[in-house]
Amino acid sequence: MNKTYDTAAEALDGVLTDGMLIAAGGFGLCGIPELLISAIRNAGTRDLTIASNNAGVDGFGLGMLLESRQVRKMISSYVGENAEFMRQYLSGELELEFNPQGTLAERMRAGGCGIPGFYTRTGVGTVIAEGKENKLFDGEEYILERGIVADLSIVKAWKADDTGNLIFRKTARNFNPPAAMCGRICIAEVEEIVPRGTLDPDHVHLPGIYVHRLVQGTHEKRIEQRTTRKMEKV
């Protein structure tokens, strides 16, 4: 089966539907599927629920989908750096399901492994626990968190072979593997596609069985916050 597509729009063809749940990889602006996000914006798909560590920044990453009012709900662990996100949430235009970061990653991983739910201590005694089943283990209280199974996963990798085996580069190997695992359909955008047999199996971070479509492209790779120090006069 050919998994490689020429453009992000072609890779998304026949996949997008209004109201779907999308799991998106990335951490801040590192390792985000920016080409696929732009293609979703151009497709005009609406009422989306997006599970992602954060929502990008104003005008870039998932922030573009917020500006175009295509997102109905975010499932996130960090919501800073995005003024439009804050405005929409405070005005009641955007729903937010707030998750501790590790819990969100495990919810994605669990969904990808066929685990419907798991118990965790994280969030006990806070608003995170409201409305969730709780259980005692060895005298300690735990809350039940549900695994996430998304209609679509969109992720960004450094290198792939044509069967979809993926290698992520440094910090980009964050939410991308669990996000990829939990989608019924997973589309990966990569910087380079190499022939099968080229990748060392010990270096593969995500096996191609999880990946259904591939697109190669050029990425902007913005820096979320650039911090410099003043040069001292000598």
# chains A, B, ... in the order shown; residues from 1 in each chain; ligands from 1
call {"tool": "residues_around", "arguments": {"residues": "stretch 111-122 of chain A", "least_positions_apart": "4", "cutoff": "10 Å", "atoms": "only C-alpha atoms", "output": "ChimeraX atom specification"}}
result
/A:99-103,106-107,126,128-129,133-137,140-150,177-184,210
call {"tool": "closest_atom_pairs", "arguments": {"of": "stretch 126-234 of chain A", "to": "stretch 27-48 of chain A", "cutoff": "8 Å", "atoms": "only C-alpha atoms", "output": "tab-separated table"}}
result
residue	atom	partner	partner_atom	distance
A:Ile154	CA	A:Pro33	CA	6.3
A:Val155	CA	A:Pro33	CA	5.1
A:Lys156	CA	A:Pro33	CA	4.7
A:Ala157	CA	A:Gly31	CA	7.0
A:Thr171	CA	A:Cys30	CA	6.9
A:Ala172	CA	A:Gly31	CA	4.3
A:Arg173	CA	A:Gly31	CA	7.5
A:Asn174	CA	A:Phe27	CA	6.6
A:Phe175	CA	A:Phe27	CA	6.7
A:Asn176	CA	A:Gly31	CA	7.5
A:Ala188	CA	A:Pro33	CA	7.6
A:Glu189	CA	A:Pro33	CA	6.4
A:Gly217	CA	A:Leu35	CA	7.6
A:His219	CA	A:Glu34	CA	7.3
A:Lys221	CA	A:Cys30	CA	7.2
A:Arg222	CA	A:Leu29	CA	6.7
A:Ile223	CA	A:Leu29	CA	6.8
A:Glu224	CA	A:Leu29	CA	5.9
call {"tool": "select_by_dssp", "arguments": {"residues": "stretch 74-126 of chain A", "states": "alpha helix (DSSP H)", "output": "PyMOL selection string"}}
result
chain A and resi 83-90+101-112
call {"tool": "residues_around", "arguments": {"residues": "A:Gln88", "least_positions_apart": "3", "cutoff": "12 Å", "atoms": "only C-alpha atoms", "output": "mmCIF file with N, CA and C atoms, in the first residue's frame"}}
result
data_model
loop_
_atom_site.group_PDB
_atom_site.id
_atom_site.type_symbol
_atom_site.label_atom_id
_atom_site.label_comp_id
_atom_site.auth_asym_id
_atom_site.auth_seq_id
_atom_site.Cartn_x
_atom_site.Cartn_y
_atom_site.Cartn_z
ATOM 1 N N GLY A 63 -2.922 27.733 16.743
ATOM 2 C CA GLY A 63 -3.474 29.076 16.883
ATOM 3 C C GLY A 63 -4.183 29.550 15.628
ATOM 4 N N LEU A 66 -7.716 28.340 15.789
ATOM 5 C CA LEU A 66 -8.496 29.135 16.742
ATOM 6 C C LEU A 66 -8.920 30.455 16.111
ATOM 7 N N GLU A 67 -8.015 31.092 15.393
ATOM 8 C CA GLU A 67 -8.332 32.374 14.760
ATOM 9 C C GLU A 67 -9.431 32.227 13.714
ATOM 10 N N SER A 68 -9.458 31.088 13.027
ATOM 11 C CA SER A 68 -10.471 30.869 12.000
ATOM 12 C C SER A 68 -11.763 30.270 12.568
ATOM 13 N N ARG A 69 -11.830 30.127 13.885
ATOM 14 C CA ARG A 69 -13.022 29.641 14.596
ATOM 15 C C ARG A 69 -13.409 28.228 14.161
ATOM 16 N N GLN A 70 -12.418 27.387 13.923
ATOM 17 C CA GLN A 70 -12.696 26.021 13.516
ATOM 18 C C GLN A 70 -12.666 25.038 14.686
ATOM 19 N N VAL A 71 -12.245 25.520 15.867
ATOM 20 C CA VAL A 71 -12.109 24.647 17.033
ATOM 21 C C VAL A 71 -13.248 24.923 18.017
ATOM 22 N N ARG A 72 -13.941 23.864 18.396
ATOM 23 C CA ARG A 72 -15.009 23.976 19.397
ATOM 24 C C ARG A 72 -14.496 23.684 20.798
ATOM 25 N N LYS A 73 -13.537 22.733 20.905
ATOM 26 C CA LYS A 73 -13.069 22.306 22.221
ATOM 27 C C LYS A 73 -11.598 21.928 22.140
ATOM 28 N N MET A 74 -10.845 22.282 23.195
ATOM 29 C CA MET A 74 -9.449 21.871 23.333
ATOM 30 C C MET A 74 -9.316 20.941 24.533
ATOM 31 N N VAL A 79 -2.040 26.168 28.304
ATOM 32 C CA VAL A 79 -2.809 27.070 27.438
ATOM 33 C C VAL A 79 -2.217 28.479 27.422
ATOM 34 N N ASN A 82 -1.002 32.211 24.096
ATOM 35 C CA ASN A 82 -1.987 32.366 23.034
ATOM 36 C C ASN A 82 -3.128 33.266 23.514
ATOM 37 N N ALA A 83 -3.074 34.526 23.118
ATOM 38 C CA ALA A 83 -4.071 35.496 23.578
ATOM 39 C C ALA A 83 -5.458 35.176 23.035
ATOM 40 N N GLU A 84 -5.544 34.680 21.810
ATOM 41 C CA GLU A 84 -6.843 34.354 21.221
ATOM 42 C C GLU A 84 -7.481 33.176 21.938
ATOM 43 N N PHE A 85 -6.674 32.205 22.313
ATOM 44 C CA PHE A 85 -7.183 31.093 23.121
ATOM 45 C C PHE A 85 -7.821 31.642 24.399
ATOM 46 N N SER A 91 -14.585 34.176 27.112
ATOM 47 C CA SER A 91 -15.861 34.656 26.602
ATOM 48 C C SER A 91 -16.879 33.531 26.389
ATOM 49 N N GLY A 92 -16.470 32.288 26.673
ATOM 50 C CA GLY A 92 -17.377 31.152 26.533
ATOM 51 C C GLY A 92 -17.505 30.616 25.117
ATOM 52 N N GLU A 93 -16.628 31.067 24.209
ATOM 53 C CA GLU A 93 -16.685 30.597 22.829
ATOM 54 C C GLU A 93 -15.963 29.268 22.627
ATOM 55 N N LEU A 94 -15.104 28.902 23.562
ATOM 56 C CA LEU A 94 -14.273 27.714 23.422
ATOM 57 C C LEU A 94 -14.380 26.855 24.676
ATOM 58 N N GLU A 95 -14.631 25.557 24.488
ATOM 59 C CA GLU A 95 -14.626 24.626 25.610
ATOM 60 C C GLU A 95 -13.200 24.179 25.886
ATOM 61 N N LEU A 96 -12.912 23.899 27.159
ATOM 62 C CA LEU A 96 -11.579 23.462 27.546
ATOM 63 C C LEU A 96 -11.686 22.310 28.534
#
call {"tool": "closest_residue", "arguments": {"among": "A:Asp200, A:Asp162, A:Asp151, A:Glu81", "to": "A:Ala23", "atoms": "only C-alpha atoms"}}
result
A:Asp151
call {"tool": "atom_distance", "arguments": {"atom1": "atom CA of A:Val211", "atom2": "atom CA of A:Tyr78"}}
result
26.3 Å
call {"tool": "select_by_dssp", "arguments": {"residues": "chain A", "states": "strand (DSSP E)", "output": "ChimeraX atom specification"}}
result
/A:4-5,21-24,48-51,71-76,95-98,117-120,134-137,140-146,150-161,166-167,183-194,213-216
call {"tool": "residues_around", "arguments": {"residues": "A:Glu191", "least_positions_apart": "4", "cutoff": "7 Å", "atoms": "only C-alpha atoms", "output": "MDAnalysis selection string"}}
result
chainID A and resid 158:159 216:218
call {"tool": "write_last_selection", "arguments": {"atoms": "N, CA, C and O atoms", "output": "CSV table (one decimal), in the first residue's frame"}}
result
chain,number,residue,atom,x,y,z
A,158,TRP,N,11.0,13.6,11.9
A,158,TRP,CA,12.2,14.0,11.2
A,158,TRP,C,12.4,13.2,10.0
A,158,TRP,O,12.5,13.7,8.9
A,159,LYS,N,12.3,11.9,10.1
A,159,LYS,CA,12.6,11.0,9.0
A,159,LYS,C,11.6,9.8,9.0
A,159,LYS,O,11.2,9.3,10.1
A,216,GLN,N,5.9,14.6,2.8
A,216,GLN,CA,7.2,15.2,3.0
A,216,GLN,C,7.1,16.7,2.6
A,216,GLN,O,6.4,17.1,1.7
A,217,GLY,N,7.7,17.5,3.4
A,217,GLY,CA,7.6,19.0,3.2
A,217,GLY,C,8.7,19.8,3.8
A,217,GLY,O,9.6,19.2,4.6
A,218,THR,N,8.7,21.1,3.6
A,218,THR,CA,9.6,22.0,4.2
A,218,THR,C,8.9,22.7,5.3
A,218,THR,O,7.8,23.2,5.2
call {"tool": "closest_residue", "arguments": {"among": "A:Gly123, A:Gly131, A:Gly208, A:Gly14", "to": "A:Ala160", "atoms": "only C-alpha atoms"}}
result
A:Gly208
call {"tool": "closest_residue", "arguments": {"among": "A:Lys170, A:Asp138, A:Ser153, A:Ile50", "to": "A:His205", "atoms": "only C-alpha atoms"}}
result
A:Lys170
call {"tool": "decode", "arguments": {"residues": "stretch 180-196 of chain A", "atoms": "all heavy atoms", "output": "CSV table (one decimal), in the first residue's frame"}}
result
chain,number,residue,atom,x,y,z
A,180,ALA,N,0.3,9.9,17.8
A,180,ALA,CA,0.2,9.1,16.6
A,180,ALA,C,-0.5,7.8,16.9
A,180,ALA,O,-1.3,7.3,16.1
A,180,ALA,CB,1.6,8.8,16.0
A,181,MET,N,-0.2,7.2,18.0
A,181,MET,CA,-0.8,5.9,18.4
A,181,MET,C,-2.3,5.9,18.6
A,181,MET,O,-2.9,4.9,18.3
A,181,MET,CB,-0.1,5.4,19.7
A,181,MET,CG,1.3,5.1,19.6
A,181,MET,SD,2.1,4.7,21.2
A,181,MET,CE,1.2,3.3,21.7
A,182,CYS,N,-2.8,7.0,19.0
A,182,CYS,CA,-4.2,7.0,19.4
A,182,CYS,C,-5.2,7.3,18.3
A,182,CYS,O,-6.4,7.3,18.5
A,182,CYS,CB,-4.5,7.9,20.6
A,182,CYS,SG,-4.5,9.7,20.2
A,183,GLY,N,-4.8,7.6,17.1
A,183,GLY,CA,-5.7,7.9,16.0
A,183,GLY,C,-6.1,6.7,15.2
A,183,GLY,O,-5.3,5.8,15.0
A,184,ARG,N,-7.4,6.7,14.9
A,184,ARG,CA,-7.9,5.7,14.0
A,184,ARG,C,-7.2,5.8,12.6
A,184,ARG,O,-7.0,4.8,12.0
A,184,ARG,CB,-9.4,5.8,13.8
A,184,ARG,CG,-10.2,5.5,15.1
A,184,ARG,CD,-11.7,5.4,14.9
A,184,ARG,NE,-12.4,5.0,16.1
A,184,ARG,CZ,-12.9,5.9,17.0
A,184,ARG,NH1,-12.7,7.2,16.8
A,184,ARG,NH2,-13.5,5.4,18.0
A,185,ILE,N,-6.9,7.0,12.2
A,185,ILE,CA,-6.1,7.3,11.1
A,185,ILE,C,-5.0,8.2,11.5
A,185,ILE,O,-5.2,9.2,12.2
A,185,ILE,CB,-6.9,8.0,9.9
A,185,ILE,CG1,-8.0,7.0,9.4
A,185,ILE,CG2,-6.0,8.4,8.8
A,185,ILE,CD1,-8.9,7.7,8.4
A,186,CYS,N,-3.8,7.9,11.2
A,186,CYS,CA,-2.6,8.8,11.5
A,186,CYS,C,-1.9,9.2,10.3
A,186,CYS,O,-1.6,8.4,9.4
A,186,CYS,CB,-1.6,8.0,12.4
A,186,CYS,SG,-0.1,8.9,12.7
A,187,ILE,N,-1.7,10.6,10.2
A,187,ILE,CA,-1.0,11.2,9.1
A,187,ILE,C,0.2,11.8,9.6
A,187,ILE,O,0.1,12.7,10.6
A,187,ILE,CB,-1.9,12.2,8.3
A,187,ILE,CG1,-3.2,11.5,7.8
A,187,ILE,CG2,-1.1,12.8,7.1
A,187,ILE,CD1,-4.1,12.5,7.1
A,188,ALA,N,1.4,11.5,9.1
A,188,ALA,CA,2.6,12.1,9.5
A,188,ALA,C,3.3,12.9,8.5
A,188,ALA,O,3.4,12.5,7.3
A,188,ALA,CB,3.6,11.0,10.0
A,189,GLU,N,3.7,14.1,8.8
A,189,GLU,CA,4.5,14.9,7.9
A,189,GLU,C,5.9,14.9,8.4
A,189,GLU,O,6.2,14.8,9.6
A,189,GLU,CB,4.0,16.4,7.9
A,189,GLU,CG,4.1,17.1,9.2
A,189,GLU,CD,3.6,18.6,9.1
A,189,GLU,OE1,2.4,18.7,8.8
A,189,GLU,OE2,4.4,19.5,9.2
A,190,VAL,N,6.8,14.7,7.4
A,190,VAL,CA,8.2,14.5,7.7
A,190,VAL,C,9.1,15.3,6.9
A,190,VAL,O,8.7,15.9,5.8
A,190,VAL,CB,8.6,13.0,7.5
A,190,VAL,CG1,7.7,12.1,8.4
A,190,VAL,CG2,8.4,12.6,6.1
A,191,GLU,N,10.4,15.5,7.3
A,191,GLU,CA,11.4,16.2,6.6
A,191,GLU,C,12.0,15.4,5.4
A,191,GLU,O,12.5,16.0,4.4
A,191,GLU,CB,12.4,16.8,7.5
A,191,GLU,CG,11.9,17.8,8.5
A,191,GLU,CD,12.9,18.3,9.5
A,191,GLU,OE1,14.0,18.5,9.1
A,191,GLU,OE2,12.6,18.4,10.7
A,192,GLU,N,12.0,14.1,5.6
A,192,GLU,CA,12.7,13.3,4.6
A,192,GLU,C,12.1,11.9,4.7
A,192,GLU,O,11.8,11.3,5.7
A,192,GLU,CB,14.2,13.1,4.9
A,192,GLU,CG,15.0,12.3,3.9
A,192,GLU,CD,16.4,12.2,4.3
A,192,GLU,OE1,16.8,12.7,5.3
A,192,GLU,OE2,17.2,11.6,3.4
A,193,ILE,N,11.8,11.3,3.5
A,193,ILE,CA,11.3,9.9,3.3
A,193,ILE,C,12.4,9.2,2.6
A,193,ILE,O,12.9,9.5,1.5
A,193,ILE,CB,10.0,9.9,2.5
A,193,ILE,CG1,8.9,10.6,3.2
A,193,ILE,CG2,9.6,8.4,2.3
A,193,ILE,CD1,7.6,10.7,2.5
A,194,VAL,N,12.9,8.1,3.2
A,194,VAL,CA,14.0,7.3,2.7
A,194,VAL,C,13.4,5.9,2.3
A,194,VAL,O,12.3,5.5,2.7
A,194,VAL,CB,15.1,7.1,3.7
A,194,VAL,CG1,15.7,8.5,4.1
A,194,VAL,CG2,14.6,6.4,5.0
A,195,PRO,N,14.1,5.2,1.4
A,195,PRO,CA,13.7,3.8,1.0
A,195,PRO,C,13.6,2.9,2.2
A,195,PRO,O,14.4,3.0,3.2
A,195,PRO,CB,14.7,3.4,0.0
A,195,PRO,CG,15.4,4.7,-0.4
A,195,PRO,CD,15.4,5.6,0.7
A,196,ARG,N,12.7,1.9,2.1
A,196,ARG,CA,12.6,0.9,3.2
A,196,ARG,C,13.9,0.1,3.3
A,196,ARG,O,14.6,-0.1,2.3
A,196,ARG,CB,11.4,0.0,2.9
A,196,ARG,CG,11.5,-0.9,1.7
A,196,ARG,CD,10.2,-1.7,1.4
A,196,ARG,NE,9.2,-0.8,1.1
A,196,ARG,CZ,7.9,-1.2,0.9
A,196,ARG,NH1,7.6,-2.4,1.0
A,196,ARG,NH2,7.0,-0.3,0.5
